Amino acid sequence: YILVKYWGIKMTIGEALKDERLKLNLTQKEMAANIMSRSQYGKVEKDLHDISASVLLKLLEFHHISPDFFFKQVLSPQTGKDSETQLLHELKTAFFEQNTNELNYLFRKSEKMSLSKFTIYQIILLKAMLTQNVKDIPSEVKNYIQFQLFKNENWSNDLMMLSFFGSATMFLSPESLDIHMTSVIKKYSNISTFSLKVQKLISSVTLNYLYYTHSFPNKKIWYQCFTLLDNLSIDPSLSHYRIINLYFKAFLKKDFIKLQAIKSLLEECGDTRI
C-alpha cells in the first residue's frame with residue numbers, strides 16, 4: 001500500500017485533485033466515482049487523508065486526466081506560495097530538533113523573501129516560542145490569531161489554522177485554550193484514521209496544550225488528550241509523542257519517580273525541553 005507523500009511541492013495531491021475537479025465541474029461525489037467514498041475523497045482534497053498510488057491512478061484514468069500532466073503540476077519546482085510552505089516546514093522541523101543554527105539561518109533567509117501575513121506571523125510565533133517570551137509577540141499578531149480561531153467554527157478542519165493554534169497555545173487564555181482544544185479532540189477523536197502527517201500535527205498541538213496548561217490543568221480535557229494520543233497509529237515516527245504523553249500522565253498523577261525516569265529518557269534522546 002504505497003502512499004503518495006507531498007511535503008514541499010508545488011501543489012499537494014489534494015489541491016491538484018480539487019483543481020482538476022473544478023475544471024470538470026464535478027461534485028466531490030462525482031469525482032470519487034465509487035472508487036472511494038465521498039467523505040474519504042473530501043479528506044484527501046483537504047490534505048487530511050493520504051491516497052494510495054493505485055487509487056489515485058484509477059481516479060485519473062476514470063476522468064481521462066493525463067497522469068503525466070497531473071504529476072507535473074504536483075512535482076514542479078517550488079515557487080511563490082510553495083516556497084513559503086517549504087520554509088515553514090523547515091522552520092518547524094529545525095525548531096522541533098532544537099537546531100538553533102538552522103533556525104537562525106532560516107530566519108535570515110525569511111527576511112529576504114516576500115511572505116504572506118500568515119507566514120510572517122508564524123515566524124514571529126516561532127521566534128517567541130524559541131525564547132519562551134510571550135512579550136516578543138506583538139498585540140497585532142495575538143489579536144489576528146484569536147480572530148481567525150473564533151471567526152469560523154470549522155477552523156479545526158484547516159491544517160494551517162491548526163498549526164496556528166499549536167503555536168498560539170503559549171499566549172491564549174486558559175478558557176480559550178480549553179474551548180479550542182475541545183474542538184480539536186472532537187474533530188480528531190478517531191485520530192488513527194488520518195494520515196501520519198495529520199497525526200503528527202494533532203499530536204504536537206495536543207502536547208503544546210498540555211505543556212501550556214500544566215499550571216491549571218482541566219482534568220477532564222487532559223484525560224481526553226491522553227486518550228487521543230493513546231489512539232495514535234502504531235508507527236515508529238509517533239513514538240516520541242507517546243512518550244511525552246506518558247510524561248504528562250505521570251505529571252497529573254504526581255508520580256515523581258516515573259516523571260524523572262521519562263525525563264531522563266527524553267534527555268538521553270536529545271530532548272531537553274520538558
# chains A, B, ... in the order shown; residues from 1 in each chain; ligands from 1
call {"tool": "residues_around", "arguments": {"residues": "Ile145 in chain A", "least_positions_apart": "4", "cutoff": "12 Å", "atoms": "only C-alpha atoms", "output": "mmCIF file with N, CA and C atoms, in the first residue's frame"}}
result
data_model
loop_
_atom_site.group_PDB
_atom_site.id
_atom_site.type_symbol
_atom_site.label_atom_id
_atom_site.label_comp_id
_atom_site.auth_asym_id
_atom_site.auth_seq_id
_atom_site.Cartn_x
_atom_site.Cartn_y
_atom_site.Cartn_z
ATOM 1 N N LYS A 117 1.091 37.490 5.198
ATOM 2 C CA LYS A 117 0.911 37.844 6.604
ATOM 3 C C LYS A 117 0.897 36.590 7.470
ATOM 4 N N PHE A 118 0.224 35.537 6.982
ATOM 5 C CA PHE A 118 0.147 34.287 7.729
ATOM 6 C C PHE A 118 1.539 33.746 8.051
ATOM 7 N N TYR A 121 3.513 35.961 10.565
ATOM 8 C CA TYR A 121 3.035 35.769 11.931
ATOM 9 C C TYR A 121 3.489 34.433 12.502
ATOM 10 N N GLN A 122 3.550 33.404 11.668
ATOM 11 C CA GLN A 122 4.056 32.107 12.115
ATOM 12 C C GLN A 122 5.513 32.225 12.558
ATOM 13 N N ILE A 124 7.045 34.946 13.605
ATOM 14 C CA ILE A 124 7.071 35.697 14.865
ATOM 15 C C ILE A 124 6.763 34.780 16.044
ATOM 16 N N LEU A 125 5.779 33.890 15.859
ATOM 17 C CA LEU A 125 5.403 32.951 16.920
ATOM 18 C C LEU A 125 6.536 31.975 17.221
ATOM 19 N N ILE A 137 5.712 38.767 21.273
ATOM 20 C CA ILE A 137 4.621 38.650 20.303
ATOM 21 C C ILE A 137 3.804 39.936 20.296
ATOM 22 N N PRO A 138 3.797 40.675 19.210
ATOM 23 C CA PRO A 138 3.022 41.919 19.148
ATOM 24 C C PRO A 138 1.522 41.668 19.344
ATOM 25 N N SER A 139 0.844 42.627 19.906
ATOM 26 C CA SER A 139 -0.605 42.510 20.125
ATOM 27 C C SER A 139 -1.338 42.258 18.813
ATOM 28 N N GLU A 140 -0.841 42.852 17.739
ATOM 29 C CA GLU A 140 -1.462 42.673 16.424
ATOM 30 C C GLU A 140 -1.508 41.200 16.033
ATOM 31 N N VAL A 141 -0.413 40.484 16.331
ATOM 32 C CA VAL A 141 -0.335 39.066 15.993
ATOM 33 C C VAL A 141 -1.302 38.263 16.860
ATOM 34 N N LEU A 149 -9.253 32.180 14.847
ATOM 35 C CA LEU A 149 -9.743 30.980 15.517
ATOM 36 C C LEU A 149 -11.235 31.070 15.845
ATOM 37 N N PHE A 150 -11.677 32.254 16.223
ATOM 38 C CA PHE A 150 -13.063 32.399 16.658
ATOM 39 C C PHE A 150 -14.040 32.705 15.527
ATOM 40 N N LYS A 151 -13.532 33.176 14.381
ATOM 41 C CA LYS A 151 -14.453 33.603 13.326
ATOM 42 C C LYS A 151 -15.096 32.428 12.598
ATOM 43 N N ASN A 152 -14.509 31.250 12.686
ATOM 44 C CA ASN A 152 -15.009 30.095 11.934
ATOM 45 C C ASN A 152 -15.090 28.879 12.853
ATOM 46 N N TRP A 155 -12.818 25.814 12.095
ATOM 47 C CA TRP A 155 -11.389 26.115 11.923
ATOM 48 C C TRP A 155 -10.518 24.880 12.063
ATOM 49 N N MET A 160 -3.698 24.707 8.331
ATOM 50 C CA MET A 160 -2.948 25.925 8.639
ATOM 51 C C MET A 160 -3.415 26.527 9.960
ATOM 52 N N MET A 161 -4.731 26.532 10.180
ATOM 53 C CA MET A 161 -5.252 27.083 11.421
ATOM 54 C C MET A 161 -4.874 26.201 12.610
ATOM 55 N N LEU A 162 -4.824 24.904 12.405
ATOM 56 C CA LEU A 162 -4.376 24.003 13.470
ATOM 57 C C LEU A 162 -2.932 24.312 13.846
ATOM 58 N N SER A 163 -2.114 24.551 12.830
ATOM 59 C CA SER A 163 -0.719 24.904 13.075
ATOM 60 C C SER A 163 -0.632 26.223 13.836
ATOM 61 N N PHE A 164 -1.459 27.182 13.444
ATOM 62 C CA PHE A 164 -1.536 28.468 14.129
ATOM 63 C C PHE A 164 -1.899 28.270 15.597
ATOM 64 N N PHE A 165 -2.926 27.471 15.838
ATOM 65 C CA PHE A 165 -3.372 27.225 17.212
ATOM 66 C C PHE A 165 -2.270 26.565 18.033
ATOM 67 N N GLY A 166 -1.566 25.616 17.416
ATOM 68 C CA GLY A 166 -0.472 24.964 18.122
ATOM 69 C C GLY A 166 0.583 25.945 18.594
ATOM 70 N N SER A 167 0.861 26.955 17.763
ATOM 71 C CA SER A 167 1.836 27.983 18.136
ATOM 72 C C SER A 167 1.253 28.972 19.141
ATOM 73 N N ALA A 168 -0.066 29.193 19.053
ATOM 74 C CA ALA A 168 -0.709 30.212 19.881
ATOM 75 C C ALA A 168 -1.015 29.745 21.302
ATOM 76 N N THR A 169 -0.809 28.454 21.585
ATOM 77 C CA THR A 169 -1.128 27.939 22.922
ATOM 78 C C THR A 169 -0.333 28.649 24.016
ATOM 79 N N PHE A 171 0.060 31.806 24.489
ATOM 80 C CA PHE A 171 -0.457 33.086 24.988
ATOM 81 C C PHE A 171 -1.978 33.171 25.076
ATOM 82 N N LEU A 172 -2.706 32.179 24.557
ATOM 83 C CA LEU A 172 -4.159 32.225 24.675
ATOM 84 C C LEU A 172 -4.575 32.019 26.134
ATOM 85 N N SER A 176 -9.878 30.075 26.495
ATOM 86 C CA SER A 176 -9.783 29.904 25.042
ATOM 87 C C SER A 176 -9.106 28.588 24.690
#
call {"tool": "residues_around", "arguments": {"residues": "Ser215 in chain A", "least_positions_apart": "6", "cutoff": "12 Å", "atoms": "only C-alpha atoms", "output": "list in words"}}
result
Pro174, Tyr209, Phe248, Phe251 and Leu252 of chain A
call {"tool": "write_last_selection", "arguments": {"atoms": "N, CA and C atoms", "output": "mmCIF file, in the first residue's frame"}}
result
data_model
loop_
_atom_site.group_PDB
_atom_site.id
_atom_site.type_symbol
_atom_site.label_atom_id
_atom_site.label_comp_id
_atom_site.auth_asym_id
_atom_site.auth_seq_id
_atom_site.Cartn_x
_atom_site.Cartn_y
_atom_site.Cartn_z
ATOM 1 N N PRO A 174 -6.590 30.520 29.410
ATOM 2 C CA PRO A 174 -6.993 29.147 29.738
ATOM 3 C C PRO A 174 -8.370 28.799 29.176
ATOM 4 N N TYR A 209 -0.762 22.062 24.141
ATOM 5 C CA TYR A 209 -1.862 22.398 25.057
ATOM 6 C C TYR A 209 -1.537 21.899 26.466
ATOM 7 N N PHE A 248 3.166 13.445 30.762
ATOM 8 C CA PHE A 248 2.079 14.278 31.292
ATOM 9 C C PHE A 248 1.092 13.456 32.133
ATOM 10 N N PHE A 251 2.754 13.333 35.368
ATOM 11 C CA PHE A 251 2.680 14.659 35.979
ATOM 12 C C PHE A 251 1.338 14.862 36.675
ATOM 13 N N LEU A 252 0.250 14.481 36.002
ATOM 14 C CA LEU A 252 -1.078 14.683 36.580
ATOM 15 C C LEU A 252 -1.287 13.792 37.810
#
call {"tool": "closest_residue", "arguments": {"among": "A:Phe256, A:Tyr105, A:Tyr41, A:Tyr188", "to": "Leu228 in chain A", "atoms": "only C-alpha atoms"}}
result
A:Tyr188
call {"tool": "closest_residue", "arguments": {"among": "A:Ile35, A:Leu91, A:Phe70, A:Tyr211", "to": "Asp19 in chain A", "atoms": "only C-alpha atoms"}}
result
A:Phe70
call {"tool": "atom_distance", "arguments": {"atom1": "CA of Ser192 in chain A", "atom2": "CA of Ser233 in chain A"}}
result
4.8 Å
call {"tool": "residues_around", "arguments": {"residues": "His240 in chain A", "least_positions_apart": "3", "cutoff": "12 Å", "atoms": "only C-alpha atoms", "output": "PDB file with all heavy atoms, in the first residue's frame"}}
result
ATOM      1  N   PHE A  96      11.657  21.847  16.201  1.00  0.00           N
ATOM      2  CA  PHE A  96      11.418  20.594  16.917  1.00  0.00           C
ATOM      3  C   PHE A  96      12.732  19.918  17.291  1.00  0.00           C
ATOM      4  O   PHE A  96      12.876  19.338  18.364  1.00  0.00           O
ATOM      5  CB  PHE A  96      10.570  19.653  16.060  1.00  0.00           C
ATOM      6  CG  PHE A  96      10.217  18.364  16.752  1.00  0.00           C
ATOM      7  CD1 PHE A  96       9.212  18.329  17.706  1.00  0.00           C
ATOM      8  CD2 PHE A  96      10.886  17.193  16.450  1.00  0.00           C
ATOM      9  CE1 PHE A  96       8.889  17.145  18.353  1.00  0.00           C
ATOM     10  CE2 PHE A  96      10.580  16.011  17.096  1.00  0.00           C
ATOM     11  CZ  PHE A  96       9.569  15.992  18.043  1.00  0.00           C
ATOM     12  N   LYS A 200       0.724  13.707  13.336  1.00  0.00           N
ATOM     13  CA  LYS A 200       1.855  14.407  13.949  1.00  0.00           C
ATOM     14  C   LYS A 200       1.481  15.841  14.318  1.00  0.00           C
ATOM     15  O   LYS A 200       1.852  16.335  15.394  1.00  0.00           O
ATOM     16  CB  LYS A 200       3.055  14.398  12.998  1.00  0.00           C
ATOM     17  CG  LYS A 200       3.691  13.027  12.838  1.00  0.00           C
ATOM     18  CD  LYS A 200       4.799  13.040  11.795  1.00  0.00           C
ATOM     19  CE  LYS A 200       5.389  11.647  11.614  1.00  0.00           C
ATOM     20  NZ  LYS A 200       6.444  11.626  10.565  1.00  0.00           N
ATOM     21  N   SER A 203      -0.860  15.722  17.301  1.00  0.00           N
ATOM     22  CA  SER A 203      -0.079  15.354  18.489  1.00  0.00           C
ATOM     23  C   SER A 203       0.702  16.555  19.014  1.00  0.00           C
ATOM     24  O   SER A 203       0.747  16.798  20.226  1.00  0.00           O
ATOM     25  CB  SER A 203       0.887  14.208  18.154  1.00  0.00           C
ATOM     26  OG  SER A 203       0.184  13.045  17.787  1.00  0.00           O
ATOM     27  N   SER A 204       1.312  17.305  18.109  1.00  0.00           N
ATOM     28  CA  SER A 204       2.065  18.497  18.520  1.00  0.00           C
ATOM     29  C   SER A 204       1.144  19.525  19.174  1.00  0.00           C
ATOM     30  O   SER A 204       1.483  20.106  20.211  1.00  0.00           O
ATOM     31  CB  SER A 204       2.749  19.127  17.302  1.00  0.00           C
ATOM     32  OG  SER A 204       3.714  18.255  16.767  1.00  0.00           O
ATOM     33  N   LEU A 207       0.144  18.212  22.679  1.00  0.00           N
ATOM     34  CA  LEU A 207       1.226  18.305  23.661  1.00  0.00           C
ATOM     35  C   LEU A 207       1.510  19.759  24.034  1.00  0.00           C
ATOM     36  O   LEU A 207       1.837  20.053  25.188  1.00  0.00           O
ATOM     37  CB  LEU A 207       2.483  17.622  23.126  1.00  0.00           C
ATOM     38  CG  LEU A 207       2.374  16.102  22.965  1.00  0.00           C
ATOM     39  CD1 LEU A 207       3.638  15.536  22.326  1.00  0.00           C
ATOM     40  CD2 LEU A 207       2.107  15.421  24.307  1.00  0.00           C
ATOM     41  N   LEU A 229      -4.062  10.688  22.286  1.00  0.00           N
ATOM     42  CA  LEU A 229      -2.688  10.281  21.972  1.00  0.00           C
ATOM     43  C   LEU A 229      -2.493   8.773  22.108  1.00  0.00           C
ATOM     44  O   LEU A 229      -1.665   8.184  21.415  1.00  0.00           O
ATOM     45  CB  LEU A 229      -1.708  11.038  22.862  1.00  0.00           C
ATOM     46  CG  LEU A 229      -1.659  12.552  22.614  1.00  0.00           C
ATOM     47  CD1 LEU A 229      -0.854  13.262  23.693  1.00  0.00           C
ATOM     48  CD2 LEU A 229      -1.083  12.862  21.244  1.00  0.00           C
ATOM     49  N   LEU A 232      -3.182   6.954  18.748  1.00  0.00           N
ATOM     50  CA  LEU A 232      -2.349   7.170  17.561  1.00  0.00           C
ATOM     51  C   LEU A 232      -2.061   5.840  16.876  1.00  0.00           C
ATOM     52  O   LEU A 232      -2.056   4.780  17.511  1.00  0.00           O
ATOM     53  CB  LEU A 232      -1.028   7.827  17.955  1.00  0.00           C
ATOM     54  CG  LEU A 232      -1.058   9.295  18.374  1.00  0.00           C
ATOM     55  CD1 LEU A 232       0.267   9.685  18.999  1.00  0.00           C
ATOM     56  CD2 LEU A 232      -1.373  10.186  17.177  1.00  0.00           C
ATOM     57  N   ILE A 234       0.025   2.818  15.316  1.00  0.00           N
ATOM     58  CA  ILE A 234       1.269   2.179  15.762  1.00  0.00           C
ATOM     59  C   ILE A 234       2.315   2.392  14.678  1.00  0.00           C
ATOM     60  O   ILE A 234       2.349   1.692  13.665  1.00  0.00           O
ATOM     61  CB  ILE A 234       1.062   0.666  16.015  1.00  0.00           C
ATOM     62  CG1 ILE A 234      -0.081   0.447  17.007  1.00  0.00           C
ATOM     63  CG2 ILE A 234       2.356   0.042  16.530  1.00  0.00           C
ATOM     64  CD1 ILE A 234       0.133   1.112  18.358  1.00  0.00           C
ATOM     65  N   ASP A 235       3.135   3.393  14.873  1.00  0.00           N
ATOM     66  CA  ASP A 235       4.159   3.742  13.884  1.00  0.00           C
ATOM     67  C   ASP A 235       5.360   4.323  14.625  1.00  0.00           C
ATOM     68  O   ASP A 235       5.185   5.152  15.521  1.00  0.00           O
ATOM     69  CB  ASP A 235       3.591   4.766  12.889  1.00  0.00           C
ATOM     70  CG  ASP A 235       4.534   5.031  11.729  1.00  0.00           C
ATOM     71  OD1 ASP A 235       5.494   5.829  11.906  1.00  0.00           O
ATOM     72  OD2 ASP A 235       4.330   4.445  10.662  1.00  0.00           O
ATOM     73  N   PRO A 236       6.580   3.910  14.271  1.00  0.00           N
ATOM     74  CA  PRO A 236       7.775   4.394  14.980  1.00  0.00           C
ATOM     75  C   PRO A 236       7.902   5.914  15.003  1.00  0.00           C
ATOM     76  O   PRO A 236       8.407   6.488  15.975  1.00  0.00           O
ATOM     77  CB  PRO A 236       8.929   3.758  14.184  1.00  0.00           C
ATOM     78  CG  PRO A 236       8.335   2.545  13.559  1.00  0.00           C
ATOM     79  CD  PRO A 236       6.916   2.918  13.243  1.00  0.00           C
ATOM     80  N   SER A 237       7.426   6.572  13.943  1.00  0.00           N
ATOM     81  CA  SER A 237       7.574   8.031  13.870  1.00  0.00           C
ATOM     82  C   SER A 237       6.687   8.748  14.882  1.00  0.00           C
ATOM     83  O   SER A 237       6.843   9.955  15.093  1.00  0.00           O
ATOM     84  CB  SER A 237       7.242   8.525  12.460  1.00  0.00           C
ATOM     85  OG  SER A 237       5.874   8.309  12.146  1.00  0.00           O
ATOM     86  N   ILE A 243       5.646   8.905  24.211  1.00  0.00           N
ATOM     87  CA  ILE A 243       6.487   9.006  25.410  1.00  0.00           C
ATOM     88  C   ILE A 243       6.167  10.286  26.187  1.00  0.00           C
ATOM     89  O   ILE A 243       6.040  10.269  27.418  1.00  0.00           O
ATOM     90  CB  ILE A 243       7.986   8.957  25.025  1.00  0.00           C
ATOM     91  CG1 ILE A 243       8.337   7.582  24.451  1.00  0.00           C
ATOM     92  CG2 ILE A 243       8.862   9.272  26.234  1.00  0.00           C
ATOM     93  CD1 ILE A 243       9.728   7.489  23.864  1.00  0.00           C
ATOM     94  N   ILE A 244       6.027  11.397  25.471  1.00  0.00           N
ATOM     95  CA  ILE A 244       5.720  12.652  26.160  1.00  0.00           C
ATOM     96  C   ILE A 244       4.318  12.603  26.755  1.00  0.00           C
ATOM     97  O   ILE A 244       4.059  13.191  27.815  1.00  0.00           O
ATOM     98  CB  ILE A 244       5.875  13.858  25.201  1.00  0.00           C
ATOM     99  CG1 ILE A 244       7.310  13.915  24.667  1.00  0.00           C
ATOM    100  CG2 ILE A 244       5.541  15.164  25.922  1.00  0.00           C
ATOM    101  CD1 ILE A 244       7.567  15.038  23.689  1.00  0.00           C
ATOM    102  N   ASN A 245       3.418  11.868  26.107  1.00  0.00           N
ATOM    103  CA  ASN A 245       2.078  11.663  26.679  1.00  0.00           C
ATOM    104  C   ASN A 245       2.186  10.955  28.027  1.00  0.00           C
ATOM    105  O   ASN A 245       1.501  11.314  28.996  1.00  0.00           O
ATOM    106  CB  ASN A 245       1.232  10.836  25.705  1.00  0.00           C
ATOM    107  CG  ASN A 245      -0.218  10.727  26.142  1.00  0.00           C
ATOM    108  OD1 ASN A 245      -0.792  11.665  26.690  1.00  0.00           O
ATOM    109  ND2 ASN A 245      -0.822   9.578  25.892  1.00  0.00           N
ATOM    110  N   LEU A 246       3.075   9.971  28.114  1.00  0.00           N
ATOM    111  CA  LEU A 246       3.295   9.259  29.385  1.00  0.00           C
ATOM    112  C   LEU A 246       3.825  10.218  30.454  1.00  0.00           C
ATOM    113  O   LEU A 246       3.484  10.105  31.635  1.00  0.00           O
ATOM    114  CB  LEU A 246       4.287   8.103  29.178  1.00  0.00           C
ATOM    115  CG  LEU A 246       3.802   6.929  28.328  1.00  0.00           C
ATOM    116  CD1 LEU A 246       4.943   5.930  28.120  1.00  0.00           C
ATOM    117  CD2 LEU A 246       2.611   6.240  28.994  1.00  0.00           C
ATOM    118  N   TYR A 247       4.662  11.163  30.017  1.00  0.00           N
ATOM    119  CA  TYR A 247       5.214  12.147  30.954  1.00  0.00           C
ATOM    120  C   TYR A 247       4.091  12.962  31.593  1.00  0.00           C
ATOM    121  O   TYR A 247       4.049  13.149  32.812  1.00  0.00           O
ATOM    122  CB  TYR A 247       6.191  13.070  30.220  1.00  0.00           C
ATOM    123  CG  TYR A 247       6.765  14.162  31.100  1.00  0.00           C
ATOM    124  CD1 TYR A 247       7.930  13.957  31.820  1.00  0.00           C
ATOM    125  CD2 TYR A 247       6.124  15.401  31.217  1.00  0.00           C
ATOM    126  CE1 TYR A 247       8.455  14.953  32.642  1.00  0.00           C
ATOM    127  CE2 TYR A 247       6.624  16.392  32.033  1.00  0.00           C
ATOM    128  CZ  TYR A 247       7.797  16.166  32.747  1.00  0.00           C
ATOM    129  OH  TYR A 247       8.288  17.144  33.570  1.00  0.00           O
ATOM    130  N   ILE A 262      11.111   9.218  32.821  1.00  0.00           N
ATOM    131  CA  ILE A 262      10.753   9.615  31.456  1.00  0.00           C
ATOM    132  C   ILE A 262      11.583  10.825  31.030  1.00  0.00           C
ATOM    133  O   ILE A 262      12.064  10.894  29.892  1.00  0.00           O
ATOM    134  CB  ILE A 262       9.249   9.934  31.355  1.00  0.00           C
ATOM    135  CG1 ILE A 262       8.428   8.675  31.654  1.00  0.00           C
ATOM    136  CG2 ILE A 262       8.896  10.470  29.974  1.00  0.00           C
ATOM    137  CD1 ILE A 262       6.941   8.919  31.779  1.00  0.00           C
ATOM    138  N   LEU A 265      14.968   9.709  30.059  1.00  0.00           N
ATOM    139  CA  LEU A 265      14.933   9.045  28.756  1.00  0.00           C
ATOM    140  C   LEU A 265      14.886  10.066  27.632  1.00  0.00           C
ATOM    141  O   LEU A 265      15.626   9.954  26.643  1.00  0.00           O
ATOM    142  CB  LEU A 265      13.697   8.133  28.674  1.00  0.00           C
ATOM    143  CG  LEU A 265      13.438   7.472  27.304  1.00  0.00           C
ATOM    144  CD1 LEU A 265      14.590   6.557  26.924  1.00  0.00           C
ATOM    145  CD2 LEU A 265      12.124   6.689  27.333  1.00  0.00           C
ATOM    146  N   LEU A 266      14.054  11.092  27.794  1.00  0.00           N
ATOM    147  CA  LEU A 266      13.940  12.133  26.770  1.00  0.00           C
ATOM    148  C   LEU A 266      15.249  12.903  26.615  1.00  0.00           C
ATOM    149  O   LEU A 266      15.673  13.217  25.498  1.00  0.00           O
ATOM    150  CB  LEU A 266      12.804  13.102  27.129  1.00  0.00           C
ATOM    151  CG  LEU A 266      11.378  12.538  27.005  1.00  0.00           C
ATOM    152  CD1 LEU A 266      10.374  13.489  27.628  1.00  0.00           C
ATOM    153  CD2 LEU A 266      11.028  12.282  25.546  1.00  0.00           C
ATOM    154  N   GLU A 267      15.903  13.185  27.735  1.00  0.00           N
ATOM    155  CA  GLU A 267      17.179  13.915  27.683  1.00  0.00           C
ATOM    156  C   GLU A 267      18.244  13.081  26.967  1.00  0.00           C
ATOM    157  O   GLU A 267      19.067  13.616  26.217  1.00  0.00           O
ATOM    158  CB  GLU A 267      17.625  14.269  29.088  1.00  0.00           C
ATOM    159  CG  GLU A 267      16.780  15.385  29.716  1.00  0.00           C
ATOM    160  CD  GLU A 267      17.151  15.660  31.162  1.00  0.00           C
ATOM    161  OE1 GLU A 267      17.927  14.860  31.742  1.00  0.00           O
ATOM    162  OE2 GLU A 267      16.679  16.683  31.721  1.00  0.00           O
ATOM    163  N   CYS A 269      17.679  11.133  24.631  1.00  0.00           N
ATOM    164  CA  CYS A 269      17.337  11.177  23.201  1.00  0.00           C
ATOM    165  C   CYS A 269      17.537  12.579  22.626  1.00  0.00           C
ATOM    166  O   CYS A 269      17.227  12.834  21.451  1.00  0.00           O
ATOM    167  CB  CYS A 269      15.873  10.749  23.007  1.00  0.00           C
ATOM    168  SG  CYS A 269      15.566   9.026  23.427  1.00  0.00           S
ATOM    169  N   GLY A 270      18.040  13.510  23.443  1.00  0.00           N
ATOM    170  CA  GLY A 270      18.334  14.846  22.960  1.00  0.00           C
ATOM    171  C   GLY A 270      17.234  15.871  23.154  1.00  0.00           C
ATOM    172  O   GLY A 270      17.349  16.990  22.681  1.00  0.00           O
ATOM    173  N   ASP A 271      16.151  15.504  23.852  1.00  0.00           N
ATOM    174  CA  ASP A 271      15.041  16.437  24.074  1.00  0.00           C
ATOM    175  C   ASP A 271      15.136  16.969  25.491  1.00  0.00           C
ATOM    176  O   ASP A 271      14.873  16.260  26.450  1.00  0.00           O
ATOM    177  CB  ASP A 271      13.702  15.727  23.849  1.00  0.00           C
ATOM    178  CG  ASP A 271      12.532  16.702  23.821  1.00  0.00           C
ATOM    179  OD1 ASP A 271      12.700  17.841  24.326  1.00  0.00           O
ATOM    180  OD2 ASP A 271      11.460  16.346  23.310  1.00  0.00           O
TER     181      ASP A 271
END
call {"tool": "closest_residue", "arguments": {"among": "A:Leu259, A:Leu130, A:Ala250, A:Val198", "to": "Leu48 in chain A", "atoms": "only C-alpha atoms"}}
result
A:Val198
call {"tool": "atom_distance", "arguments": {"atom1": "CA of Phe71 in chain A", "atom2": "CA of Leu57 in chain A"}}
result
10.6 Å
call {"tool": "closest_residue", "arguments": {"among": "A:His63, A:Lys220, A:Lys46, A:Arg242", "to": "Ala32 in chain A", "atoms": "only C-alpha atoms"}}
result
A:His63
call {"tool": "residues_around", "arguments": {"residues": "Ser110 in chain A", "least_positions_apart": "3", "cutoff": "12 Å", "atoms": "only C-alpha atoms", "output": "VMD selection string"}}
result
chain A and resid 83 to 88 90 to 91 103 to 107 113 to 116 119 to 124
call {"tool": "residues_around", "arguments": {"residues": "Leu56 in chain A", "least_positions_apart": "5", "cutoff": "12 Å", "atoms": "only C-alpha atoms", "output": "PyMOL selection string"}}
result
chain A and resi 2-4+13-14+16-17+31-33+35-36+41+44-45+50-51+61-63+65-67+70-71
call {"tool": "select_by_dssp", "arguments": {"residues": "range 167-246 of chain A", "states": "helix (DSSP H, G or I)", "output": "PyMOL selection string"}}
result
chain A and resi 167-168+174-187+191-193+196-212+219-230+236-246
call {"tool": "closest_residue", "arguments": {"among": "A:His49, A:Lys58, A:Lys249, A:Lys112", "to": "Lys219 in chain A", "atoms": "only C-alpha atoms"}}
result
A:Lys249
call {"tool": "closest_residue", "arguments": {"among": "A:Glu15, A:Glu175, A:Glu268, A:Asp255", "to": "Lys43 in chain A", "atoms": "only C-alpha atoms"}}
result
A:Glu15
call {"tool": "decode", "arguments": {"residues": "range 184-217 of chain A", "atoms": "C-alpha atoms", "output": "compact mmCIF listing (two decimals), in the first residue's frame"}}
result
# COMPACT_ATOMS: atom_id res chain seq x y z
CA VAL A 184 -9.70 19.54 18.15
CA ILE A 185 -10.46 16.46 20.30
CA LYS A 186 -13.98 16.20 18.91
CA LYS A 187 -12.82 16.50 15.30
CA TYR A 188 -9.88 14.07 15.57
CA SER A 189 -11.21 11.52 18.10
CA ASN A 190 -10.56 8.76 15.54
CA ILE A 191 -7.04 10.05 15.02
CA SER A 192 -5.58 6.81 13.64
CA THR A 193 -7.81 7.13 10.54
CA PHE A 194 -5.95 10.26 9.44
CA SER A 195 -2.62 10.48 7.63
CA LEU A 196 0.63 10.35 9.61
CA LYS A 197 1.22 14.00 8.68
CA VAL A 198 -2.08 14.99 10.31
CA GLN A 199 -1.49 12.72 13.31
CA LYS A 200 1.85 14.41 13.95
CA LEU A 201 0.32 17.86 13.72
CA ILE A 202 -2.54 16.98 16.07
CA SER A 203 -0.08 15.35 18.49
CA SER A 204 2.06 18.50 18.52
CA VAL A 205 -0.99 20.68 19.12
CA THR A 206 -2.16 18.40 21.94
CA LEU A 207 1.23 18.31 23.66
CA ASN A 208 1.54 22.09 23.38
CA TYR A 209 -1.86 22.40 25.06
CA LEU A 210 -0.76 20.10 27.90
CA TYR A 211 2.52 21.97 28.32
CA TYR A 212 0.98 25.44 28.46
CA THR A 213 -1.89 24.42 30.78
CA HIS A 214 0.15 22.35 33.26
CA SER A 215 -0.20 25.10 35.90
CA PHE A 216 -4.00 25.00 35.67
CA PRO A 217 -4.96 21.61 34.18
